[in-house]
file data33.cif (mmCIF, C-alpha atoms)
data_structure
#
loop_
_atom_site.label_atom_id
_atom_site.label_comp_id
_atom_site.auth_asym_id
_atom_site.auth_seq_id
_atom_site.Cartn_x
_atom_site.Cartn_y
_atom_site.Cartn_z
CA MET S 1 124.09 89.43 191.10
CA ALA S 2 126.37 86.40 191.29
CA ASP S 3 129.22 88.78 192.23
CA VAL S 4 127.43 89.81 195.39
CA GLU S 5 127.24 86.24 196.59
CA SER S 6 130.92 85.56 195.86
CA ARG S 7 132.19 88.49 197.93
CA PRO S 8 134.27 87.70 201.06
CA ALA S 9 131.98 86.95 203.98
CA THR S 10 133.83 89.50 206.17
CA ARG S 11 132.45 92.43 204.15
CA SER S 12 129.47 94.06 205.82
CA ARG S 13 126.33 94.42 203.74
CA THR S 14 126.20 98.16 204.44
CA THR S 15 129.74 99.09 203.34
CA THR S 16 130.20 100.29 199.80
CA ALA S 17 132.09 97.91 197.57
CA GLU S 18 135.37 99.32 196.24
CA ARG S 19 134.54 99.11 192.60
CA PRO S 20 137.06 100.35 190.08
CA LEU S 21 136.34 103.93 189.00
CA SER S 22 136.65 105.06 185.42
CA PRO S 23 139.78 107.14 184.75
CA HIS S 24 139.24 110.70 185.89
CA LEU S 25 141.10 113.97 185.30
CA GLU S 26 143.99 113.25 187.66
CA VAL S 27 145.28 110.30 185.62
CA TYR S 28 146.05 112.57 182.68
CA THR S 29 149.07 114.82 182.24
CA LEU S 30 147.93 118.44 182.12
CA SER S 31 147.91 119.60 178.51
CA LEU S 32 147.39 122.98 176.85
CA THR S 33 144.04 121.94 175.37
CA MET S 34 142.82 120.87 178.83
CA ILE S 35 143.78 124.26 180.28
CA MET S 36 142.00 125.98 177.38
CA SER S 37 138.86 123.92 177.99
CA GLY S 38 138.82 125.03 181.62
CA LEU S 39 139.63 128.63 180.64
CA HIS S 40 136.64 128.73 178.29
CA ARG S 41 134.32 127.93 181.20
CA ILE S 42 136.13 130.21 183.64
CA THR S 43 136.14 133.16 181.21
CA GLY S 44 132.43 132.54 180.61
CA MET S 45 131.75 132.74 184.35
CA VAL S 46 133.95 135.84 184.73
CA LEU S 47 131.97 137.55 181.94
CA CYS S 48 128.76 136.96 183.95
CA VAL S 49 130.33 139.31 186.54
CA GLY S 50 131.69 141.65 183.86
CA ILE S 51 128.26 142.16 182.31
CA LEU S 52 127.13 143.66 185.64
CA LEU S 53 129.54 146.58 185.09
CA LEU S 54 127.95 147.11 181.67
CA VAL S 55 124.45 146.98 183.19
CA TRP S 56 125.55 149.49 185.85
CA TRP S 57 126.96 151.79 183.15
CA LEU S 58 123.73 151.58 181.12
CA VAL S 59 121.52 152.28 184.15
CA ALA S 60 123.79 155.19 185.15
CA LEU S 61 123.58 156.60 181.62
CA SER S 62 119.78 156.29 181.68
CA GLY S 63 119.79 158.55 184.72
CA ASP S 64 121.03 162.14 184.94
CA ALA S 65 124.50 163.60 184.33
CA GLY S 66 125.41 163.04 188.00
CA SER S 67 124.76 159.30 188.02
CA PHE S 68 126.63 158.93 184.72
CA GLN S 69 129.59 160.91 186.03
CA THR S 70 129.82 158.67 189.11
CA ALA S 71 129.99 155.55 186.94
CA ALA S 72 132.36 157.24 184.46
CA ASN S 73 134.69 158.31 187.30
CA VAL S 74 134.86 154.81 188.78
CA LEU S 75 135.19 152.99 185.43
CA GLY S 76 137.60 155.63 184.08
CA SER S 77 139.96 155.49 187.08
CA TRP S 78 143.20 153.53 186.74
CA PHE S 79 141.69 150.69 188.76
CA GLY S 80 138.47 150.76 186.75
CA ARG S 81 140.45 150.65 183.52
CA LEU S 82 142.52 147.75 184.84
CA VAL S 83 139.35 145.79 185.66
CA ILE S 84 137.82 146.59 182.25
CA PHE S 85 141.11 145.61 180.59
CA GLY S 86 140.85 142.23 182.31
CA PHE S 87 137.23 141.79 181.29
CA SER S 88 138.03 142.78 177.68
CA TRP S 89 140.74 140.11 177.43
CA THR S 90 138.32 137.64 179.04
CA LEU S 91 135.70 138.55 176.42
CA PHE S 92 138.05 138.10 173.45
CA HIS S 93 139.45 134.88 174.88
CA HIS S 94 135.93 133.49 175.31
CA LEU S 95 134.96 134.74 171.83
CA LEU S 96 137.92 133.05 170.13
CA GLY S 97 137.22 129.96 172.24
CA GLY S 98 133.74 130.02 170.69
CA VAL S 99 135.27 130.27 167.20
CA ARG S 100 137.43 127.25 168.09
CA HIS S 101 134.33 125.32 169.17
CA ALA S 102 132.56 126.35 165.95
CA ILE S 103 135.49 124.92 163.95
CA TRP S 104 135.29 121.70 165.98
CA ASP S 105 131.52 121.54 165.35
CA THR S 106 132.29 121.10 161.64
CA GLY S 107 134.45 118.10 162.53
CA ARG S 108 137.76 119.85 161.75
CA GLY S 109 140.76 120.75 163.89
CA MET S 110 140.49 118.00 166.47
CA ASP S 111 143.66 116.08 165.56
CA HIS S 112 147.25 116.63 166.67
CA PRO S 113 148.78 119.17 166.01
CA GLU S 114 145.75 121.18 164.81
CA ARG S 115 144.12 121.32 168.25
CA GLU S 116 147.32 122.64 169.87
CA GLN S 117 147.68 125.20 167.08
CA LEU S 118 144.08 126.34 167.64
CA ALA S 119 144.75 126.63 171.38
CA LEU S 120 147.85 128.78 170.76
CA ALA S 121 145.95 130.86 168.19
CA THR S 122 143.26 131.53 170.81
CA ILE S 123 145.80 132.75 173.38
CA ILE S 124 147.87 134.86 170.98
CA GLY S 125 144.78 136.09 169.10
CA SER S 126 142.95 137.17 172.26
CA LEU S 127 146.01 139.06 173.54
CA ALA S 128 146.52 140.71 170.13
CA ILE S 129 142.88 141.79 169.78
CA THR S 130 142.85 143.13 173.37
CA ALA S 131 146.04 145.12 172.71
CA LEU S 132 144.65 146.47 169.42
CA VAL S 133 141.30 147.52 170.93
CA TRP S 134 143.01 149.36 173.82
CA LEU S 135 145.61 150.95 171.54
CA VAL S 136 142.86 152.41 169.35
CA ALA S 137 140.88 153.46 172.45
CA PHE S 138 143.88 155.35 173.86
CA MET S 139 144.52 156.99 170.49
CA ILE S 140 140.89 158.22 170.40
CA GLY S 141 140.48 159.20 174.08
CA MET I 142 119.81 98.24 168.54
CA ALA I 143 116.87 96.01 167.73
CA SER I 144 117.81 93.44 170.33
CA GLN I 145 118.20 96.22 172.90
CA ASN I 146 114.70 97.49 172.24
CA ASP I 147 113.14 94.08 172.73
CA SER I 148 113.50 94.41 176.48
CA SER I 149 112.85 98.17 176.59
CA LEU I 150 109.90 99.51 178.55
CA ARG I 151 109.72 102.53 176.26
CA THR I 152 106.77 102.92 173.97
CA THR I 153 107.34 102.93 170.23
CA TYR I 154 106.81 106.69 170.14
CA ARG I 155 109.40 107.31 172.87
CA ARG I 156 111.86 105.14 170.98
CA ILE I 157 111.53 107.01 167.70
CA ASP I 158 111.43 110.58 169.04
CA HIS I 159 115.14 110.23 169.93
CA LEU I 160 114.81 112.36 173.06
CA GLY I 161 116.04 109.69 175.46
CA ALA I 162 115.45 109.72 179.20
CA SER I 163 115.75 113.51 179.51
CA ARG I 164 112.72 114.03 177.22
CA SER I 165 114.29 117.09 175.74
CA GLY I 166 116.47 117.40 172.71
CA THR I 167 119.46 119.45 171.68
CA ALA I 168 117.60 122.78 171.87
CA LEU I 169 119.81 124.23 174.64
CA MET I 170 123.04 123.15 172.92
CA TRP I 171 121.84 124.53 169.58
CA GLY I 172 120.70 127.75 171.24
CA GLN I 173 124.19 128.17 172.68
CA ARG I 174 125.70 127.83 169.19
CA VAL I 175 123.26 130.21 167.45
CA THR I 176 123.57 132.89 170.15
CA SER I 177 127.38 132.58 170.03
CA VAL I 178 127.39 133.41 166.30
CA ALA I 179 125.13 136.42 166.94
CA LEU I 180 127.35 137.55 169.83
CA MET I 181 130.52 137.32 167.70
CA ILE I 182 129.02 139.77 165.20
CA LEU I 183 127.57 141.98 167.95
CA THR I 184 130.90 142.09 169.81
CA VAL I 185 132.56 143.63 166.74
CA ALA I 186 129.76 146.22 166.59
CA PHE I 187 130.06 146.76 170.36
CA VAL I 188 133.80 147.48 170.08
CA PHE I 189 133.15 150.14 167.41
CA LEU I 190 130.37 151.57 169.58
CA VAL I 191 132.70 151.81 172.60
CA TRP I 192 135.39 153.42 170.45
CA SER I 193 132.85 156.06 169.34
CA MET I 194 132.13 156.97 172.99
CA VAL I 195 135.62 156.90 174.56
CA GLY I 196 136.32 160.09 176.55
CA LYS I 197 132.98 161.70 175.66
CA ASP I 198 130.78 163.49 178.22
CA TYR I 199 127.22 162.66 179.35
CA VAL I 200 125.41 164.66 176.64
CA ALA I 201 127.53 163.25 173.80
CA VAL I 202 127.35 159.63 175.03
CA ARG I 203 123.60 159.92 175.63
CA GLN I 204 123.16 161.33 172.11
CA ILE I 205 125.05 158.39 170.55
CA MET I 206 123.21 155.78 172.63
CA SER I 207 119.79 157.20 171.77
CA LYS I 208 120.34 156.69 168.02
CA PRO I 209 118.46 153.70 166.53
CA LEU I 210 121.49 151.60 165.48
CA PRO I 211 123.57 151.90 168.68
CA ALA I 212 120.45 151.34 170.82
CA THR I 213 119.46 148.25 168.79
CA ILE I 214 123.02 146.87 168.92
CA MET I 215 123.10 147.27 172.70
CA LEU I 216 119.61 145.84 173.15
CA ALA I 217 120.47 142.78 171.04
CA TYR I 218 123.84 142.43 172.76
CA MET I 219 122.35 142.48 176.27
CA LEU I 220 119.33 140.26 175.51
CA ILE I 221 121.15 137.63 173.43
CA GLY I 222 124.09 137.90 175.83
CA SER I 223 121.97 137.23 178.91
CA TYR I 224 120.28 134.24 177.22
CA HIS I 225 123.70 132.86 176.18
CA MET I 226 124.85 133.47 179.76
CA MET I 227 121.87 131.53 181.14
CA LEU I 228 122.61 128.55 178.88
CA GLY I 229 126.31 128.60 179.79
CA ILE I 230 125.76 128.76 183.56
CA ARG I 231 123.18 125.96 183.18
CA VAL I 232 125.83 123.64 181.69
CA ILE I 233 128.18 124.39 184.60
CA ILE I 234 125.36 123.81 187.15
CA ASP I 235 124.44 120.50 185.50
CA ASP I 236 128.08 119.41 185.65
CA TYR I 237 129.10 120.52 189.13
CA VAL I 238 126.14 121.07 191.45
CA PRO I 239 125.42 117.78 193.26
CA GLY I 240 121.98 116.77 194.48
CA LYS I 241 118.64 117.19 192.76
CA HIS I 242 117.27 119.96 195.00
CA ALA I 243 120.46 122.03 195.12
CA ARG I 244 120.69 121.76 191.35
CA GLU I 245 117.09 122.84 190.82
CA TRP I 246 117.49 125.86 193.11
CA ALA I 247 120.73 126.77 191.33
CA ILE I 248 118.88 126.64 188.01
CA VAL I 249 116.12 128.88 189.39
CA ALA I 250 118.74 131.35 190.71
CA ASN I 251 120.44 131.28 187.31
CA ILE I 252 117.19 132.15 185.49
CA LEU I 253 116.42 134.97 187.95
CA PHE I 254 119.95 136.41 187.69
CA CYS I 255 120.06 136.35 183.89
CA GLY I 256 116.49 137.65 183.75
CA ALA I 257 117.45 140.57 186.01
CA VAL I 258 120.38 141.43 183.72
CA ALA I 259 118.10 141.30 180.66
CA PHE I 260 115.22 143.34 182.12
CA LEU I 261 117.43 145.94 183.82
CA SER I 262 119.49 146.62 180.70
CA THR I 263 116.37 146.67 178.49
CA TYR I 264 114.81 149.28 180.79
CA ALA I 265 118.00 151.37 180.75
CA ILE I 266 118.48 151.23 176.97
CA LEU I 267 114.83 152.14 176.27
CA ARG I 268 114.96 154.98 178.81
CA ILE I 269 118.11 156.35 177.16
CA GLY I 270 116.35 156.20 173.79
CA PHE I 271 112.96 157.58 174.73
CA VAL I 272 113.28 159.75 177.84
#
call {"tool": "encode", "arguments": {"input": "data33.cif", "output": "structure tokens"}}
result
Amino acid sequence: MADVESRPATRSRTTTAERPLSPHLEVYTLSLTMIMSGLHRITGMVLCVGILLLVWWLVALSGDAGSFQTAANVLGSWFGRLVIFGFSWTLFHHLLGGVRHAIWDTGRGMDHPEREQLALATIIGSLAITALVWLVAFMIG
Amino acid sequence: MASQNDSSLRTTYRRIDHLGASRSGTALMWGQRVTSVALMILTVAFVFLVWSMVGKDYVAVRQIMSKPLPATIMLAYMLIGSYHMMLGIRVIIDDYVPGKHAREWAIVANILFCGAVAFLSTYAILRIGFV
């Protein structure tokens, strides 16, 4: 409380003192691991929207052939496939992000360069799995 | 730590239960981890399930989805998924929604949204299996 008394007399009692703030995000140079941290949250939020398509598909399937066909036509169109393609990459990115977090939970992979390698593995892995899943899907259908 | 506790207003029990000021433990964090492991396994099963239905018509898809294993996989996927979703959104709300009241309403909305996803998909999956 001694600090309050030693402040300049010109400062009003109601103004907020300009105390130093702890370093926040903007003082750091953007790094790959920071982007990946944000992407894990963003992909998680995107999947909350993506699951609604799955719920819609399930409800449509629980109805008659007409309701299923409506959903199948929309989801099977080129635009529907593009949206599902996006959601599938989002899912695999979030899944591999979860694997990365599981590795970190054991206390491993947090040092340089392991954390950057894990970040790269998540990006490349998620793209590879997405490509593989869609390649097999096109071969079947 | 001992010197810190000398001036603490906490009771001895509150000090040793290690739950701090929030009065809850790591249950939500642990739940996130356990559900994520389940969802990793279920996602692999889900991919195979989707592959088995690609390009099939209503009767064929309905037949696959009414079998015990596919129905159970989907039920587990949607229920565990919606719980995992609720925990994840909760972390984001806690981090970014300012103000006690706004945060509490956001948490209520989160529970209702994830609950709707869980109940709606449960109804659909059971209807596919039994009707």
call {"tool": "residues_around", "arguments": {"input": "data33.cif", "residues": "S:Leu75", "least_positions_apart": "3", "cutoff": "12 Å", "atoms": "only C-alpha atoms", "output": "list of chain:residue names"}}
result
S:Gly50, S:Leu53, S:Leu54, S:Trp56, S:Trp57, S:Ala60, S:Phe68, S:Gln69, S:Thr70, S:Ala71, S:Ala72, S:Trp78, S:Phe79, S:Gly80, S:Arg81, S:Leu82, S:Val83, S:Ile84, S:Phe85, I:Val195, I:Gly196
call {"tool": "interface_residues", "arguments": {"input": "data33.cif", "of": "chain I", "to": "chain S", "cutoff": "10 Å", "atoms": "only C-alpha atoms", "output": "number ranges by chain"}}
result
I: 173-174, 177-178, 180-181, 184, 188-189, 191-200, 202-203, 206-207, 215, 219, 222-223, 225-227, 229-230, 232-233, 254-255, 257-272
call {"tool": "write_last_selection", "arguments": {"input": "data33.cif", "atoms": "C-alpha atoms", "output": "PDB file, keeping the file's coordinate frame"}}
result
ATOM      1  CA  GLN I 173     124.190 128.170 172.680  1.00  0.00           C
ATOM      2  CA  ARG I 174     125.700 127.830 169.190  1.00  0.00           C
ATOM      3  CA  SER I 177     127.380 132.580 170.030  1.00  0.00           C
ATOM      4  CA  VAL I 178     127.390 133.410 166.300  1.00  0.00           C
ATOM      5  CA  LEU I 180     127.350 137.550 169.830  1.00  0.00           C
ATOM      6  CA  MET I 181     130.520 137.320 167.700  1.00  0.00           C
ATOM      7  CA  THR I 184     130.900 142.090 169.810  1.00  0.00           C
ATOM      8  CA  VAL I 188     133.800 147.480 170.080  1.00  0.00           C
ATOM      9  CA  PHE I 189     133.150 150.140 167.410  1.00  0.00           C
ATOM     10  CA  VAL I 191     132.700 151.810 172.600  1.00  0.00           C
ATOM     11  CA  TRP I 192     135.390 153.420 170.450  1.00  0.00           C
ATOM     12  CA  SER I 193     132.850 156.060 169.340  1.00  0.00           C
ATOM     13  CA  MET I 194     132.130 156.970 172.990  1.00  0.00           C
ATOM     14  CA  VAL I 195     135.620 156.900 174.560  1.00  0.00           C
ATOM     15  CA  GLY I 196     136.320 160.090 176.550  1.00  0.00           C
ATOM     16  CA  LYS I 197     132.980 161.700 175.660  1.00  0.00           C
ATOM     17  CA  ASP I 198     130.780 163.490 178.220  1.00  0.00           C
ATOM     18  CA  TYR I 199     127.220 162.660 179.350  1.00  0.00           C
ATOM     19  CA  VAL I 200     125.410 164.660 176.640  1.00  0.00           C
ATOM     20  CA  VAL I 202     127.350 159.630 175.030  1.00  0.00           C
ATOM     21  CA  ARG I 203     123.600 159.920 175.630  1.00  0.00           C
ATOM     22  CA  MET I 206     123.210 155.780 172.630  1.00  0.00           C
ATOM     23  CA  SER I 207     119.790 157.200 171.770  1.00  0.00           C
ATOM     24  CA  MET I 215     123.100 147.270 172.700  1.00  0.00           C
ATOM     25  CA  MET I 219     122.350 142.480 176.270  1.00  0.00           C
ATOM     26  CA  GLY I 222     124.090 137.900 175.830  1.00  0.00           C
ATOM     27  CA  SER I 223     121.970 137.230 178.910  1.00  0.00           C
ATOM     28  CA  HIS I 225     123.700 132.860 176.180  1.00  0.00           C
ATOM     29  CA  MET I 226     124.850 133.470 179.760  1.00  0.00           C
ATOM     30  CA  MET I 227     121.870 131.530 181.140  1.00  0.00           C
ATOM     31  CA  GLY I 229     126.310 128.600 179.790  1.00  0.00           C
ATOM     32  CA  ILE I 230     125.760 128.760 183.560  1.00  0.00           C
ATOM     33  CA  VAL I 232     125.830 123.640 181.690  1.00  0.00           C
ATOM     34  CA  ILE I 233     128.180 124.390 184.600  1.00  0.00           C
ATOM     35  CA  PHE I 254     119.950 136.410 187.690  1.00  0.00           C
ATOM     36  CA  CYS I 255     120.060 136.350 183.890  1.00  0.00           C
ATOM     37  CA  ALA I 257     117.450 140.570 186.010  1.00  0.00           C
ATOM     38  CA  VAL I 258     120.380 141.430 183.720  1.00  0.00           C
ATOM     39  CA  ALA I 259     118.100 141.300 180.660  1.00  0.00           C
ATOM     40  CA  PHE I 260     115.220 143.340 182.120  1.00  0.00           C
ATOM     41  CA  LEU I 261     117.430 145.940 183.820  1.00  0.00           C
ATOM     42  CA  SER I 262     119.490 146.620 180.700  1.00  0.00           C
ATOM     43  CA  THR I 263     116.370 146.670 178.490  1.00  0.00           C
ATOM     44  CA  TYR I 264     114.810 149.280 180.790  1.00  0.00           C
ATOM     45  CA  ALA I 265     118.000 151.370 180.750  1.00  0.00           C
ATOM     46  CA  ILE I 266     118.480 151.230 176.970  1.00  0.00           C
ATOM     47  CA  LEU I 267     114.830 152.140 176.270  1.00  0.00           C
ATOM     48  CA  ARG I 268     114.960 154.980 178.810  1.00  0.00           C
ATOM     49  CA  ILE I 269     118.110 156.350 177.160  1.00  0.00           C
ATOM     50  CA  GLY I 270     116.350 156.200 173.790  1.00  0.00           C
ATOM     51  CA  PHE I 271     112.960 157.580 174.730  1.00  0.00           C
ATOM     52  CA  VAL I 272     113.280 159.750 177.840  1.00  0.00           C
TER      53      VAL I 272
END
call {"tool": "atom_distance", "arguments": {"input": "data33.cif", "atom1": "atom CA of I:Leu228", "atom2": "atom CA of I:Ile248"}}
result
10.0 Å
call {"tool": "atom_distance", "arguments": {"input": "data33.cif", "atom1": "atom CA of I:Val249", "atom2": "atom CA of I:Tyr218"}}
result
22.8 Å
call {"tool": "atom_distance", "arguments": {"input": "data33.cif", "atom1": "atom CA of S:Thr33", "atom2": "atom CA of S:Arg115"}}
result
7.1 Å
call {"tool": "resolve_selection", "arguments": {"input": "data33.cif", "expression": "the PyMOL selection byres ((chain S and resi 117-122) around 7)", "output": "PDB file with C-alpha atoms, in the frame of the given file"}}
result
ATOM      1  CA  THR S  33     144.040 121.940 175.370  1.00  0.00           C
ATOM      2  CA  MET S  36     142.000 125.980 177.380  1.00  0.00           C
ATOM      3  CA  HIS S  93     139.450 134.880 174.880  1.00  0.00           C
ATOM      4  CA  LEU S  96     137.920 133.050 170.130  1.00  0.00           C
ATOM      5  CA  GLY S  97     137.220 129.960 172.240  1.00  0.00           C
ATOM      6  CA  ARG S 100     137.430 127.250 168.090  1.00  0.00           C
ATOM      7  CA  PRO S 113     148.780 119.170 166.010  1.00  0.00           C
ATOM      8  CA  GLU S 114     145.750 121.180 164.810  1.00  0.00           C
ATOM      9  CA  ARG S 115     144.120 121.320 168.250  1.00  0.00           C
ATOM     10  CA  GLU S 116     147.320 122.640 169.870  1.00  0.00           C
ATOM     11  CA  ILE S 123     145.800 132.750 173.380  1.00  0.00           C
ATOM     12  CA  ILE S 124     147.870 134.860 170.980  1.00  0.00           C
ATOM     13  CA  GLY S 125     144.780 136.090 169.100  1.00  0.00           C
ATOM     14  CA  SER S 126     142.950 137.170 172.260  1.00  0.00           C
TER      15      SER S 126
END
